[in-house]
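Enquirer: What follows is coords.txt; its format and atoms are compact mmCIF, C-alpha atoms.
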# COMPACT_ATOMS: atom_id res chain seq x y z
CA MET A 1 20.01 -12.75 -8.02
CA ILE A 2 16.38 -13.17 -6.97
CA VAL A 3 16.82 -15.76 -4.20
CA PRO A 4 19.46 -15.49 -1.45
CA ASP A 5 22.11 -18.22 -1.40
CA GLY A 6 21.34 -20.87 1.18
CA TYR A 7 17.63 -19.99 1.38
CA LYS A 8 15.23 -22.85 2.08
CA SER A 9 11.52 -22.40 2.64
CA VAL A 10 10.31 -23.52 6.06
CA LEU A 11 6.98 -24.58 4.49
CA ASP A 12 6.54 -26.97 1.59
CA PRO A 13 4.23 -25.91 -1.31
CA HIS A 14 1.16 -27.69 0.11
CA ASN A 15 1.50 -26.17 3.58
CA THR A 16 2.35 -22.83 2.00
CA GLU A 17 -1.05 -22.77 0.30
CA LYS A 18 -2.79 -23.59 3.58
CA ALA A 19 -0.80 -20.92 5.41
CA ILE A 20 -1.63 -18.29 2.76
CA LYS A 21 -5.34 -18.95 3.36
CA ALA A 22 -4.88 -18.78 7.12
CA ALA A 23 -2.86 -15.56 6.96
CA LYS A 24 -5.44 -13.81 4.79
CA ASP A 25 -8.40 -14.97 6.87
CA ILE A 26 -6.78 -13.95 10.16
CA PHE A 27 -5.56 -10.58 8.97
CA GLU A 28 -8.89 -9.60 7.40
CA LYS A 29 -10.64 -10.19 10.72
CA GLU A 30 -7.94 -8.37 12.70
CA LEU A 31 -7.90 -5.37 10.35
CA SER A 32 -11.67 -5.01 10.03
CA GLY A 33 -12.11 -5.30 13.80
CA ALA A 34 -9.35 -2.79 14.60
CA LEU A 35 -10.55 -0.10 12.19
CA ARG A 36 -14.29 -0.95 12.14
CA LEU A 37 -14.37 -1.80 8.44
CA SER A 38 -17.10 -3.63 6.52
CA ARG A 39 -16.34 -5.60 3.37
CA LEU A 40 -17.56 -4.32 -0.01
CA THR A 41 -17.45 -5.80 -3.48
CA SER A 42 -15.20 -3.73 -5.73
CA PRO A 43 -14.73 -3.33 -9.50
CA LEU A 44 -11.99 -4.94 -11.54
CA PHE A 45 -12.25 -2.18 -14.15
CA VAL A 46 -13.60 1.37 -14.40
CA PRO A 47 -14.47 3.71 -17.30
CA SER A 48 -11.47 5.37 -18.92
CA GLY A 49 -11.37 9.14 -18.56
CA SER A 50 -13.57 9.21 -15.45
CA GLY A 51 -10.72 10.03 -13.06
CA ILE A 52 -11.73 7.09 -10.86
CA ASN A 53 -8.69 4.93 -11.58
CA ASP A 54 -5.59 5.42 -9.45
CA ASP A 55 -2.74 7.09 -11.34
CA LEU A 56 -0.16 5.80 -8.81
CA SER A 57 2.95 7.93 -9.40
CA GLY A 58 1.40 9.40 -12.54
CA VAL A 59 3.51 7.61 -15.16
CA GLU A 60 2.11 4.06 -15.18
CA LYS A 61 -0.22 3.14 -18.06
CA PRO A 62 -3.34 1.16 -17.07
CA VAL A 63 -4.33 -1.93 -19.02
CA SER A 64 -7.36 -1.01 -21.14
CA PHE A 65 -9.95 -2.65 -23.39
CA THR A 66 -13.19 -1.77 -25.16
CA VAL A 67 -16.65 -3.19 -24.48
CA SER A 68 -18.61 -4.06 -27.62
CA ALA A 69 -21.93 -4.13 -25.76
CA LEU A 70 -21.39 -0.51 -24.70
CA GLY A 71 -20.63 0.80 -28.17
CA GLY A 72 -16.89 0.33 -27.82
CA GLN A 73 -16.57 2.26 -24.58
CA LYS A 74 -13.01 2.11 -23.26
CA MET A 75 -12.46 0.60 -19.81
CA GLU A 76 -9.33 0.38 -17.63
CA ILE A 77 -8.19 -2.40 -15.30
CA VAL A 78 -7.79 -0.75 -11.91
CA GLN A 79 -4.28 0.02 -10.65
CA SER A 80 -5.66 0.51 -7.16
CA LEU A 81 -8.98 1.65 -5.71
CA ALA A 82 -7.79 4.75 -3.86
CA LYS A 83 -10.36 7.07 -5.43
CA TRP A 84 -13.15 4.53 -5.96
CA LYS A 85 -13.24 3.78 -2.22
CA ARG A 86 -13.83 7.39 -1.27
CA MET A 87 -16.66 7.59 -3.77
CA ALA A 88 -18.11 4.39 -2.26
CA ILE A 89 -17.88 5.87 1.25
CA ALA A 90 -19.98 8.82 0.05
CA ASP A 91 -22.47 6.77 -1.96
CA TYR A 92 -23.05 4.25 0.87
CA GLY A 93 -23.44 7.07 3.40
CA ILE A 94 -20.87 5.62 5.83
CA GLU A 95 -20.57 7.64 9.01
CA PRO A 96 -17.29 8.93 10.54
CA GLY A 97 -15.50 6.28 12.57
CA ARG A 98 -16.48 3.45 10.23
CA GLY A 99 -15.19 2.35 6.87
CA ILE A 100 -14.84 -0.30 4.17
CA TYR A 101 -12.30 -2.77 2.88
CA THR A 102 -12.18 -4.84 -0.27
CA ASP A 103 -10.08 -7.39 -2.15
CA MET A 104 -8.35 -5.45 -4.90
CA ASN A 105 -6.88 -7.29 -7.88
CA ALA A 106 -4.93 -5.22 -10.38
CA LEU A 107 -2.49 -5.42 -13.27
CA ARG A 108 0.57 -3.17 -13.40
CA PRO A 109 2.54 -4.24 -16.48
CA ASP A 110 4.90 -1.25 -16.19
CA ASP A 111 6.14 -2.34 -12.75
CA THR A 112 9.58 -3.85 -12.32
CA VAL A 113 9.33 -7.62 -11.93
CA ASP A 114 11.63 -9.02 -9.26
CA ALA A 115 11.54 -10.81 -5.91
CA ILE A 116 9.00 -8.38 -4.42
CA HIS A 117 7.30 -6.84 -7.49
CA SER A 118 4.87 -8.56 -9.83
CA VAL A 119 2.64 -7.72 -12.78
CA TYR A 120 -0.25 -9.00 -10.68
CA VAL A 121 -1.11 -6.92 -7.61
CA ASP A 122 -3.44 -8.06 -4.85
CA GLN A 123 -4.09 -5.95 -1.78
CA TRP A 124 -6.61 -5.10 0.88
CA ASP A 125 -7.82 -1.66 -0.13
CA TRP A 126 -9.48 0.11 2.81
CA GLU A 127 -11.01 3.50 3.47
CA LYS A 128 -12.48 5.05 6.61
CA SER A 129 -14.71 8.09 7.03
CA ILE A 130 -13.28 10.63 9.48
CA ARG A 131 -14.17 14.05 10.92
CA THR A 132 -12.55 17.23 9.67
CA GLU A 133 -10.75 17.60 13.01
CA ASP A 134 -9.15 14.17 12.48
CA ARG A 135 -7.02 15.47 9.60
CA ASN A 136 -3.80 15.54 11.63
CA LEU A 137 -0.65 13.54 12.31
CA ASP A 138 -1.89 12.18 15.64
CA TYR A 139 -4.87 10.51 13.96
CA LEU A 140 -2.65 9.17 11.17
CA LYS A 141 -0.21 7.68 13.68
CA ALA A 142 -2.99 6.13 15.77
CA THR A 143 -4.36 4.42 12.66
CA VAL A 144 -0.91 3.14 11.69
CA ARG A 145 -0.50 1.64 15.17
CA GLU A 146 -3.84 -0.17 14.83
CA ILE A 147 -2.78 -1.67 11.49
CA TYR A 148 0.62 -2.65 12.85
CA SER A 149 -1.02 -4.32 15.85
CA ALA A 150 -3.24 -6.30 13.46
CA ILE A 151 -0.12 -7.48 11.61
CA ARG A 152 1.56 -8.51 14.87
CA ARG A 153 -1.51 -10.43 16.05
CA THR A 154 -1.66 -12.21 12.70
CA ALA A 155 2.02 -13.17 12.98
CA PHE A 156 1.42 -14.56 16.48
CA LEU A 157 -1.62 -16.64 15.45
CA LEU A 158 0.19 -18.00 12.39
CA GLY A 159 3.05 -19.04 14.66
CA GLU A 160 0.55 -20.99 16.75
CA LEU A 161 -0.48 -22.90 13.61
CA TYR A 162 3.00 -23.29 12.08
CA SER A 163 5.74 -23.42 14.71
CA SER A 164 8.51 -23.30 12.07
CA LEU A 165 7.64 -19.68 11.22
CA GLU A 166 9.81 -16.99 12.79
CA ASP A 167 8.17 -13.79 13.99
CA TYR A 168 10.75 -11.01 14.15
CA LEU A 169 8.52 -7.94 14.31
CA PRO A 170 9.40 -5.43 17.05
CA ASN A 171 6.77 -4.55 19.65
CA GLU A 172 6.36 -1.00 18.33
CA ILE A 173 6.54 0.70 14.95
CA THR A 174 8.85 3.73 14.67
CA PHE A 175 7.67 6.95 12.97
CA ILE A 176 10.21 8.83 10.85
CA HIS A 177 9.56 11.80 8.57
CA SER A 178 11.08 11.61 5.10
CA GLU A 179 12.78 14.96 5.74
CA ASP A 180 14.48 13.55 8.87
CA LEU A 181 15.57 10.50 6.87
CA GLU A 182 17.16 12.80 4.31
CA LYS A 183 19.05 14.65 7.05
CA GLU A 184 20.23 11.41 8.66
CA TYR A 185 21.33 9.79 5.39
CA PRO A 186 22.04 12.70 2.99
CA ASP A 187 24.29 10.65 0.71
CA LEU A 188 21.84 7.78 0.22
CA SER A 189 18.92 7.37 -2.16
CA PRO A 190 15.38 7.21 -0.69
CA ALA A 191 15.32 3.42 -1.07
CA GLN A 192 18.70 3.12 0.69
CA ARG A 193 17.49 5.40 3.50
CA GLU A 194 14.45 3.17 4.02
CA LYS A 195 16.70 0.12 4.11
CA GLU A 196 18.99 1.55 6.78
CA ALA A 197 16.10 2.78 8.93
CA ALA A 198 14.22 -0.52 8.61
CA ARG A 199 17.38 -2.44 9.55
CA LYS A 200 17.84 -0.20 12.60
CA TYR A 201 14.25 -0.25 13.94
CA GLY A 202 12.65 -3.38 12.46
CA ALA A 203 9.42 -1.63 11.47
CA ILE A 204 9.00 2.00 10.41
CA PHE A 205 6.38 4.37 9.06
CA VAL A 206 7.91 6.96 6.74
CA ILE A 207 5.79 10.13 6.85
CA GLY A 208 5.42 12.67 4.06
CA ILE A 209 5.99 10.93 0.74
CA GLY A 210 5.34 13.09 -2.31
CA TYR A 211 6.39 16.58 -1.20
CA ALA A 212 9.75 17.91 -2.38
CA LEU A 213 12.60 17.57 0.14
CA SER A 214 15.47 20.03 0.58
CA ASP A 215 17.16 18.76 -2.61
CA GLY A 216 14.01 19.55 -4.59
CA LYS A 217 13.06 15.90 -5.09
CA PRO A 218 10.35 13.96 -3.19
CA HIS A 219 11.16 10.83 -1.20
CA GLY A 220 8.83 9.03 -3.62
CA LEU A 221 6.29 9.93 -6.29
CA ARG A 222 2.61 10.17 -5.39
CA ALA A 223 -0.39 11.12 -7.52
CA PRO A 224 -1.90 14.49 -6.59
CA ASP A 225 -5.49 13.41 -6.04
CA TYR A 226 -5.69 10.88 -3.21
CA ASP A 227 -3.13 11.16 -0.35
CA ASP A 228 -2.55 14.60 1.20
CA TRP A 229 1.25 14.92 0.96
CA SER A 230 1.44 18.71 0.89
CA THR A 231 -0.32 20.02 4.02
CA GLU A 232 2.16 21.62 6.41
CA THR A 233 2.46 19.94 9.81
CA ALA A 234 4.50 20.55 12.98
CA GLY A 235 8.06 21.78 12.55
CA GLY A 236 7.52 22.95 8.99
CA PHE A 237 7.24 19.38 7.67
CA HIS A 238 4.67 18.40 5.05
CA GLY A 239 2.39 15.46 4.49
CA LEU A 240 -0.35 13.41 6.16
CA ASN A 241 0.59 10.14 4.48
CA GLY A 242 3.32 7.50 4.44
CA ASP A 243 4.44 3.89 4.05
CA ILE A 244 4.67 0.97 6.49
CA ILE A 245 8.06 -0.70 5.94
CA VAL A 246 9.54 -3.69 7.77
CA TRP A 247 12.94 -5.34 7.88
CA ASP A 248 12.83 -8.62 5.98
CA LYS A 249 15.44 -10.91 7.54
CA VAL A 250 15.03 -13.56 4.86
CA ARG A 251 16.09 -11.16 2.10
CA SER A 252 18.19 -8.88 4.36
CA ASP A 253 16.35 -5.92 2.92
CA SER A 254 13.47 -3.54 3.60
CA LEU A 255 9.96 -4.48 2.50
CA GLU A 256 7.09 -2.04 2.04
CA LEU A 257 3.80 -3.56 3.19
CA SER A 258 1.42 -0.62 2.93
CA SER A 259 0.99 2.86 1.49
CA MET A 260 -1.68 4.99 3.17
CA GLY A 261 -2.71 8.45 4.26
CA ILE A 262 -5.33 11.01 5.09
CA ARG A 263 -6.93 11.95 1.79
CA VAL A 264 -6.96 15.34 0.12
CA ASP A 265 -9.59 17.91 0.97
CA ARG A 266 -10.59 20.58 -1.53
CA THR A 267 -7.67 22.86 -0.64
CA ALA A 268 -5.04 20.11 -0.78
CA LEU A 269 -6.38 18.75 -4.07
CA LEU A 270 -6.15 22.11 -5.82
CA ARG A 271 -2.69 22.73 -4.35
CA GLN A 272 -1.34 19.34 -5.41
CA LEU A 273 -2.85 19.54 -8.89
CA GLU A 274 -1.01 22.84 -9.29
CA ILE A 275 2.27 21.42 -7.94
CA CYS A 276 2.03 18.52 -10.41
CA HIS A 277 0.89 20.76 -13.30
CA ALA A 278 -2.25 18.65 -13.60
CA GLU A 279 -4.95 21.31 -13.15
CA GLU A 280 -6.90 19.83 -16.07
CA ARG A 281 -7.90 16.87 -13.89
CA SER A 282 -10.24 19.14 -11.94
CA SER A 283 -12.75 18.74 -14.78
CA LEU A 284 -12.95 14.93 -14.42
CA TYR A 285 -16.03 13.30 -12.90
CA TRP A 286 -14.39 12.15 -9.64
CA HIS A 287 -12.60 15.44 -9.10
CA ARG A 288 -15.71 17.54 -9.80
CA ARG A 289 -17.56 15.62 -7.08
CA LEU A 290 -14.80 16.21 -4.53
CA LEU A 291 -14.55 19.91 -5.37
CA ALA A 292 -18.33 20.18 -5.04
CA GLY A 293 -18.10 18.84 -1.47
CA GLU A 294 -19.80 15.49 -2.18
CA TYR A 295 -17.09 13.34 -0.55
CA PRO A 296 -16.51 13.05 3.19
CA GLU A 297 -13.07 13.39 4.75
CA THR A 298 -11.38 9.98 4.75
CA ILE A 299 -8.21 8.09 5.55
CA GLY A 300 -7.26 5.01 3.59
CA GLY A 301 -4.64 2.87 1.96
CA GLY A 302 -3.64 -0.45 0.51
CA ILE A 303 -1.98 -3.40 2.25
CA GLY A 304 -0.27 -5.87 -0.05
CA GLN A 305 -1.74 -9.34 0.39
CA SER A 306 1.09 -11.22 -1.28
CA ARG A 307 3.70 -8.94 0.32
CA LEU A 308 2.27 -9.59 3.78
CA CYS A 309 2.01 -13.35 3.17
CA MET A 310 5.55 -13.43 1.84
CA PHE A 311 6.81 -11.67 4.96
CA LEU A 312 4.78 -13.63 7.52
CA LEU A 313 5.57 -17.00 5.88
CA ASN A 314 9.32 -16.21 5.77
CA LYS A 315 9.47 -16.42 1.97
CA ALA A 316 12.23 -15.03 -0.24
CA HIS A 317 10.19 -14.46 -3.40
CA ILE A 318 6.68 -13.13 -3.96
CA GLY A 319 6.17 -15.86 -6.57
CA GLU A 320 6.08 -18.38 -3.71
CA VAL A 321 2.74 -16.95 -2.54
CA GLN A 322 1.05 -15.75 -5.76
CA ALA A 323 0.59 -16.85 -9.37
CA SER A 324 2.11 -14.42 -11.88
CA VAL A 325 4.64 -14.33 -14.71
CA TRP A 326 8.41 -14.57 -14.29
CA SER A 327 11.24 -14.62 -16.77
CA PRO A 328 12.73 -17.98 -17.81
CA GLU A 329 15.98 -16.89 -16.14
CA ASP A 330 14.24 -16.22 -12.82
CA ARG A 331 12.40 -19.53 -12.93
CA ALA A 332 15.64 -21.34 -13.76
CA GLU A 333 17.44 -19.70 -10.83
CA ALA A 334 14.58 -20.52 -8.48
CA ALA A 335 14.56 -24.14 -9.64
CA ARG A 336 18.33 -24.45 -9.11
CA LYS A 337 17.88 -23.23 -5.53
CA GLY A 338 14.91 -25.46 -4.80
CA VAL A 339 12.39 -22.61 -4.67
CA TYR A 340 8.89 -23.34 -5.94
CA LEU A 341 7.35 -20.43 -7.86
CA ILE A 342 3.60 -20.84 -8.24
Go ahead and express the file in the form of structure tokens.
Expert:
Amino acid sequence: MIVPDGYKSVLDPHNTEKAIKAAKDIFEKELSGALRLSRLTSPLFVPSGSGINDDLSGVEKPVSFTVSALGGQKMEIVQSLAKWKRMAIADYGIEPGRGIYTDMNALRPDDTVDAIHSVYVDQWDWEKSIRTEDRNLDYLKATVREIYSAIRRTAFLLGELYSSLEDYLPNEITFIHSEDLEKEYPDLSPAQREKEAARKYGAIFVIGIGYALSDGKPHGLRAPDYDDWSTETAGGFHGLNGDIIVWDKVRSDSLELSSMGIRVDRTALLRQLEICHAEERSSLYWHRRLLAGEYPETIGGGIGQSRLCMFLLNKAHIGEVQASVWSPEDRAEAARKGVYLI
């Protein structure tokens, strides 16, 4: 079932479209002001084999095509801009304390398609230049709090425009390490642990996603060459990255809004390539530049545009706020329940 029984949208399709525009405009201003980010134009595709494209968990296949005008050179639709942004930070000469954000549009045909996942992915990809001494958990947490505050301010301002919208975000976001989640819920899967913690606290940031837990498995898969998920921190924990997850009352489930982290330095990159048995990537263009010291230290991430709009507009299905493809069965169920999928 993709739509909860008894669900009814508080906004009709016309007002939904207006509210989507308002939510995106407000949040962009709040985010860029909080983190001191300037907008850049970003690519829809990058050269295949350059190492610039995001490998996500390492198993997804990017959509590719060849360009006749370039002698049949193969290009890939981006899956995210995690590595491109760091290259842009270096090439634009952006100083520590400032950063960039961009509208990222991607295709992920290998993703599960359901109420919160789509083939089409739109997110605010952002990256910020930092100092070497900022590569720590305190800086990560401070940045998460700034982003969460931007989300809360956006929710408040949307409520001023559309009084029917319910804002159920807690005042503060709770930080939980993935290793503590495993200890608290040892018999649950990572997704079930997130659900229970999100239900309990309302909004959480799960730290350390990618490094193996006590059972030998990571909380979630992460590529080895953008987030630093292996550096040891206080208490013997690992990871300078994580996910922002909220409790979605409409769906009675957890909802991930953002994945982010302090990026790998030379040491972390080599360590994570070895852990993932991907040492051959060190010869790729992007990786050679990082290993040569051409990239500054950065923190960055992606914030789902449709996910955030879905949450803030109290929607039950991501298809209510974005145009994508859905199975005939899903569309039929949505129609029976009076839900308009764009």
Enquirer: Which residues of region 204-303 of chain A have any atom within 9 Å of an atom in region 67-86 of chain A when counting all atoms listed in the file, and what is the closest pair of atoms for each, with the distance in Å to one decimal? Order the rows by chain and rising number and write it as a tab-separated table.
Expert:
residue	atom	partner	partner_atom	distance
A:Asp225	CA	A:Lys83	CA	8.0
A:Tyr226	CA	A:Lys83	CA	6.4
A:Asp227	CA	A:Ala82	CA	8.7
A:Arg263	CA	A:Arg86	CA	8.8
A:Trp286	CA	A:Lys83	CA	7.7
A:Tyr295	CA	A:Arg86	CA	6.8
A:Pro296	CA	A:Arg86	CA	7.7
A:Glu297	CA	A:Arg86	CA	8.5
A:Thr298	CA	A:Arg86	CA	7.0
A:Ile299	CA	A:Arg86	CA	8.9
A:Gly300	CA	A:Ala82	CA	7.5
A:Gly301	CA	A:Ala82	CA	6.9
A:Gly302	CA	A:Ala82	CA	8.0
Enquirer: Tell me which protein, DNA and RNA residues are within 7 Å of Asn314 (chain A), counting only C-alpha atoms, leaving out same-chain ones fewer than 4 positions away, and put them as a PyMOL selection string.
Expert: chain A and resi 165+250+310
Enquirer: Report, in Å to a single decimal, how far apart CA of Ala23 (chain A) and CA of Thr154 (chain A) are.
Expert: 6.8 Å
Enquirer: Which residues are near Ile176 (chain A)? Cut-off 12 Å, only C-alpha atoms, ignore same chain within fewer than 4 positions. Put them as a list in words.
Expert: Leu137, Lys141, Asp180, Leu181, Glu182, Lys183, Glu184, Arg193, Glu194, Ala197, Ala198, Lys200, Tyr201, Ala203, Ile204, Phe205, Val206, Ile207, Gly208, Ile209, Phe237, Asn241, Gly242, Asp243, Ile244 and Ile245 of chain A
Enquirer: With distances taken over all atoms listed in the file, which of A:Val46, A:Leu291, A:Ile116, A:Ala268 is nearest to Glu232 (chain A)?
Expert: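 Answer, going by the shortest atom-to-atom distance: A:Ala268.
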Enquirer: In Å, with one decimal, what is the gap from CA of Met104 (chain A) to CA of Gln123 (chain A)?
Expert: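 Computing it gives 5.3 Å between the two atoms.
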Enquirer: Return the single residue from A:Glu256, A:Arg288, A:Ser327, A:Arg251 that is closest to Lys8 (chain A), with distances computed using all atoms listed in the file.
Expert: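 Residue with the minimum atom-to-atom distance to Lys8 (chain A): A:Arg251.
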Enquirer: Counting all atoms listed in the file, which residue out of A:His277, A:Arg108, A:Arg199, A:Arg271 sits closest to Val63 (chain A)?
Expert: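 Closest to Val63 (chain A), using all atoms listed in the file: A:Arg108.
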Enquirer: Which polymer residues have any atom within 12 Å of an atom of Asn105 (chain A), counting all atoms listed in the file, with same-chain residues fewer than 2 positions away left out, as a list in words?
Expert: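 Result of the neighbour search: Thr41, Ser42, Pro43, Leu44, Phe45, Ile77, Val78, Gln79, Ser80, Leu81, Thr102, Asp103, Leu107, Arg108, Ser118, Val119, Tyr120, Val121, Asp122, Gln123, Trp124, Asp125, Gly302, Ile303, Gly304, Gln305, Ser306 and Gln322 of chain A.
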Enquirer: Could you check the closest approach to Ile151 (chain A) for each of A:Phe311, A:Trp247, A:Trp126, A:Tyr185 and tell me which residue wins, using all atoms listed in the file?
Expert: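 Selected residue with least distance to Ile151 (chain A): A:Phe311.
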Enquirer: Measuring atom to atom with all atoms listed in the file, identify which of A:Met260, A:Leu37, A:Leu284, A:Val325 is nearest to Pro109 (chain A).
Expert: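 Of all the options, A:Val325 lies closest to Pro109 (chain A).
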Enquirer: Ranking A:Thr16, A:Pro224, A:Asp54, A:Leu257 by minimum distance to Glu279 (chain A) and counting only C-alpha atoms, which one comes first?
Expert: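 Of the candidates, the smallest distance to Glu279 (chain A) is held by A:Pro224.
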Enquirer: For CA of Ile94 (chain A) and CA of Ser129 (chain A), quote the distance in Å rounded to one decimal.
Expert: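 Between CA of Ile94 (chain A) and CA of Ser129 (chain A) the gap is 6.7 Å.
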Enquirer: Write out as a PDB file with C-alpha atoms, in the frame of the given file each polymer residue whose atoms come within 10 Å of Pro4 (chain A), counting only C-alpha atoms; drop sequence neighbours fewer than 6 positions from it.
Expert:
ATOM      1  CA  VAL A 250      15.030 -13.560   4.860  1.00  0.00           C
ATOM      2  CA  ARG A 251      16.090 -11.160   2.100  1.00  0.00           C
ATOM      3  CA  SER A 252      18.190  -8.880   4.360  1.00  0.00           C
ATOM      4  CA  ALA A 316      12.230 -15.030  -0.240  1.00  0.00           C
ATOM      5  CA  HIS A 317      10.190 -14.460  -3.400  1.00  0.00           C
ATOM      6  CA  ALA A 334      14.580 -20.520  -8.480  1.00  0.00           C
ATOM      7  CA  LYS A 337      17.880 -23.230  -5.530  1.00  0.00           C
TER       8      LYS A 337
END
Enquirer: With all atoms of region 242-250 of chain A from the file as input, state the centre and edge lengths in Å to one decimal of the axis-aligned box that has 4 Å extra on each side, as lines of an AutoDock Vina configuration file.
Expert:
center_x = 9.4
center_y = -3.0
center_z = 6.0
size_x = 20.1
size_y = 29.1
size_z = 11.8
Enquirer: For Gly210 (chain A), please output as a ChimeraX atom specification all residues within 7 Å (counting all atoms listed in the file; exclusion window: fewer than 5 positions along the same chain).
Expert: /A:218-222,229
Enquirer: Taking the point (-6.3, -11.2, 7.6) as given in the file, collect each protein or nucleic acid residue that comes within 10 Å of it, counting only C-alpha atoms, and present the set as an mmCIF file with C-alpha atoms, in the coordinates of the input.
Expert:
data_model
loop_
_atom_site.group_PDB
_atom_site.id
_atom_site.type_symbol
_atom_site.label_atom_id
_atom_site.label_comp_id
_atom_site.auth_asym_id
_atom_site.auth_seq_id
_atom_site.Cartn_x
_atom_site.Cartn_y
_atom_site.Cartn_z
ATOM 1 C CA ILE A 20 -1.630 -18.290 2.760
ATOM 2 C CA LYS A 21 -5.340 -18.950 3.360
ATOM 3 C CA ALA A 22 -4.880 -18.780 7.120
ATOM 4 C CA ALA A 23 -2.860 -15.560 6.960
ATOM 5 C CA LYS A 24 -5.440 -13.810 4.790
ATOM 6 C CA ASP A 25 -8.400 -14.970 6.870
ATOM 7 C CA ILE A 26 -6.780 -13.950 10.160
ATOM 8 C CA PHE A 27 -5.560 -10.580 8.970
ATOM 9 C CA GLU A 28 -8.890 -9.600 7.400
ATOM 10 C CA LYS A 29 -10.640 -10.190 10.720
ATOM 11 C CA GLU A 30 -7.940 -8.370 12.700
ATOM 12 C CA LEU A 31 -7.900 -5.370 10.350
ATOM 13 C CA SER A 32 -11.670 -5.010 10.030
ATOM 14 C CA TRP A 124 -6.610 -5.100 0.880
ATOM 15 C CA ALA A 150 -3.240 -6.300 13.460
ATOM 16 C CA ILE A 151 -0.120 -7.480 11.610
ATOM 17 C CA ARG A 153 -1.510 -10.430 16.050
ATOM 18 C CA THR A 154 -1.660 -12.210 12.700
ATOM 19 C CA GLN A 305 -1.740 -9.340 0.390
ATOM 20 C CA LEU A 308 2.270 -9.590 3.780
ATOM 21 C CA CYS A 309 2.010 -13.350 3.170
#
